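Quick notes on the structure that follows.
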Amino acid sequence: SSLIVAMNFSYFDIHKDAYADTNSKLGDHSELVSYVEDWEQIVTKRVQSKYGEYAKHRNSLNHYAKKVDSLLAEEERLKDKGKQMKPKQLEKLDRNQDKLTGARETHDSVGESLLMLMDEVIVRSYRDVFPLLKKSISLEGDFAAINHKHMAKLGGSLELLKSIGEKETLGKSRLEEFQNMNPEDIYTGSGIRYSQGENK
């Protein structure tokens, strides 16, 4: 039965069919690559955006902190001289202290959000790798099944080759013969020998 299979499936046909079936799975493999590329792009964009937002609020916090520090320093300088700040200066100090408080709250909230995102991306990235690994293992199993399905037919092809080899006295290497023997002794064609007389 294996000999019949071999006659129906040549060595070339076996590999051609294996290639066709393997090729049909390459779309699934491309999806794995696309998933990784999409993950990298989406996560990078999200982290960069979140960090940009945090940097903006960090600058705002520093801005109001410097203004308040400057006004407080001015208040201390005036006290040392026995003077008080003018009502407009006190109003400006109160206004900037309120802005500093709001800026600090926003800064801390955005900063915490950024840290949570980074923590999720780095520490728990296994959650994103899991579906990739699952699909990858499934795909490798498919490739192995395809390979086994077609390569199993090679047994019949080998039996056919052995049968042909026994009939035609084929199978052993002729390297030593080509290296040491005369062409006339190596020749396995028909009984006709080439000679100068025949070529005239």
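Identifiers in this document derive from the order of the structure tokens: chains are assigned A, B, ..., residues are numbered from 1 separately in each chain, and ligands are numbered from 1 in order of occurrence.
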Using only C-alpha atoms, tabulate the residues of range 132-198 of chain A lying at most 10 Å from any atom of range 26-29 of chain A, each with its closest atom pair and that distance in Å to one decimal, by chain and increasing residue number, as a tab-separated table.
```
residue	atom	partner	partner_atom	distance
A:Lys135	CA	A:Asp28	CA	8.8
A:Ser136	CA	A:His29	CA	7.9
A:Leu139	CA	A:His29	CA	7.4
A:Glu140	CA	A:His29	CA	9.6
A:Phe143	CA	A:Leu26	CA	9.9
```
Selection file, N, CA, C and O atoms, as a PDB file, in the first residue's frame:
```
ATOM      1  N   LYS A 135      -1.420  31.641  20.837  1.00  0.00           N
ATOM      2  CA  LYS A 135      -1.597  31.545  19.383  1.00  0.00           C
ATOM      3  C   LYS A 135      -0.353  30.979  18.719  1.00  0.00           C
ATOM      4  O   LYS A 135      -0.447  30.191  17.771  1.00  0.00           O
ATOM      5  N   SER A 136       0.816  31.365  19.225  1.00  0.00           N
ATOM      6  CA  SER A 136       2.073  30.888  18.650  1.00  0.00           C
ATOM      7  C   SER A 136       2.220  29.380  18.811  1.00  0.00           C
ATOM      8  O   SER A 136       2.607  28.678  17.870  1.00  0.00           O
ATOM      9  N   LEU A 139      -0.120  27.621  16.503  1.00  0.00           N
ATOM     10  CA  LEU A 139       0.363  27.686  15.121  1.00  0.00           C
ATOM     11  C   LEU A 139       1.512  26.699  14.896  1.00  0.00           C
ATOM     12  O   LEU A 139       1.582  26.044  13.855  1.00  0.00           O
ATOM     13  N   GLU A 140       2.397  26.593  15.869  1.00  0.00           N
ATOM     14  CA  GLU A 140       3.497  25.632  15.758  1.00  0.00           C
ATOM     15  C   GLU A 140       2.952  24.209  15.679  1.00  0.00           C
ATOM     16  O   GLU A 140       3.501  23.356  14.957  1.00  0.00           O
ATOM     17  N   PHE A 143       1.771  23.671  12.141  1.00  0.00           N
ATOM     18  CA  PHE A 143       2.899  23.446  11.231  1.00  0.00           C
ATOM     19  C   PHE A 143       3.452  22.027  11.395  1.00  0.00           C
ATOM     20  O   PHE A 143       3.800  21.364  10.412  1.00  0.00           O
TER      21      PHE A 143
END
```
Practice problem: Have a look at A:Leu61, A:Ile14, A:Leu160, A:Ile186 and name the one nearest to Glu105 in chain A; count only C-alpha atoms. | Solution: A:Leu61
Exercise. Select from chain A everything DSSP, run on the backbone, classes as alpha helix (DSSP H), then give the selection as a PyMOL selection string.
Key: chain A and resi 2-8+11-23+26-80+87-122+126-151+154-168+175-180+183-186+196-199
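Closest approach to Ser34 in chain A among A:Leu132, A:Ser113, A:Gln84, A:Lys79 is made by A:Leu132 (distances from only C-alpha atoms).
The residue that comes closest to Val110 in chain A, out of A:Arg174, A:Lys56, A:Lys45, A:Arg95 and on the basis of only C-alpha atoms, is A:Lys56.
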Quiz item: Nearest to His107 in chain A among A:Ala73, A:Val121, A:Ala55, A:Met85, with distances taken over only C-alpha atoms: which residue is it?
Solution: A:Ala55
Quiz item: Counting only C-alpha atoms, what is within 10 Å of His57 in chain A, bar same-chain residues fewer than 5 positions away, as number ranges by chain?
Solution: A: 51-52, 62-63, 103-111
Quiz item: Near Tyr64 in chain A, counting only C-alpha atoms, which residues have an atom at most 7 Å away, once you skip same-chain residues fewer than 5 positions from it, shown as a PyMOL selection string?
Solution: chain A and resi 96+99-100
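Each of A:Lys16, A:Asp128, A:Pro87, A:Leu115 was checked against Asp38 in chain A using only C-alpha atoms; the smallest atom-to-atom distance is that of A:Asp128.
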Exercise. Go ahead and compute the interatomic distance for CA of Arg58 in chain A and CA of Asp94 in chain A, in Å to one decimal.
Key: 20.6 Å
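Around Val47 in chain A, within 8 Å and counting only C-alpha atoms, the residues found are Val43, Thr44, Lys45, Ser49, Lys50, Tyr51, Leu114, Leu117 and Met118 of chain A, once anything fewer than 2 positions away on its own chain is removed.
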Practice problem: With a distance cut-off of 12 Å and only C-alpha atoms, select the neighbouring residues of range 147-151 of chain A, excluding the residue or stretch itself and same-chain residues fewer than 4 positions from it, and output the selection as a list in words. | Solution: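 Residues meeting the cut-off are Val5, Ala6, Phe9, Ser10, Tyr11, Phe12, Asp13, Ile14, His15, Lys16, Asp17, Ala18, Tyr19, Ala20, Asp21, Thr22, Asn23, Glu140, Gly141, Asp142, Phe143, Gly155, Gly156, Ser157 and Leu158 of chain A.
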Can you spit out the residues from that selection as a short mmCIF file (atom, residue, chain, number, x, y, z; two decimals), in the first residue's frame, using C-alpha atoms?
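This is the output file selection.cif:
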```cif
data_model
loop_
_atom_site.label_atom_id
_atom_site.label_comp_id
_atom_site.auth_asym_id
_atom_site.auth_seq_id
_atom_site.Cartn_x
_atom_site.Cartn_y
_atom_site.Cartn_z
CA VAL A 5 1.06 5.90 -2.19
CA ALA A 6 4.62 6.56 -3.36
CA PHE A 9 2.98 11.14 -4.59
CA SER A 10 6.45 11.80 -5.92
CA TYR A 11 9.12 13.39 -3.74
CA PHE A 12 8.46 16.68 -5.53
CA ASP A 13 4.68 16.39 -5.08
CA ILE A 14 5.03 15.71 -1.36
CA HIS A 15 7.09 18.84 -0.80
CA LYS A 16 4.90 20.90 -3.12
CA ASP A 17 1.78 19.96 -1.16
CA ALA A 18 3.56 20.55 2.16
CA TYR A 19 4.63 23.99 0.94
CA ALA A 20 1.07 24.84 -0.17
CA ASP A 21 -0.44 23.85 3.19
CA THR A 22 2.30 25.66 5.11
CA ASN A 23 1.80 28.73 2.97
CA GLU A 140 3.50 25.63 15.76
CA GLY A 141 1.25 22.63 16.36
CA ASP A 142 -0.45 23.27 13.01
CA PHE A 143 2.90 23.45 11.23
CA GLY A 155 8.16 6.17 3.59
CA GLY A 156 6.35 4.95 0.49
CA SER A 157 8.66 6.97 -1.76
CA LEU A 158 11.67 5.43 -0.06
#
```
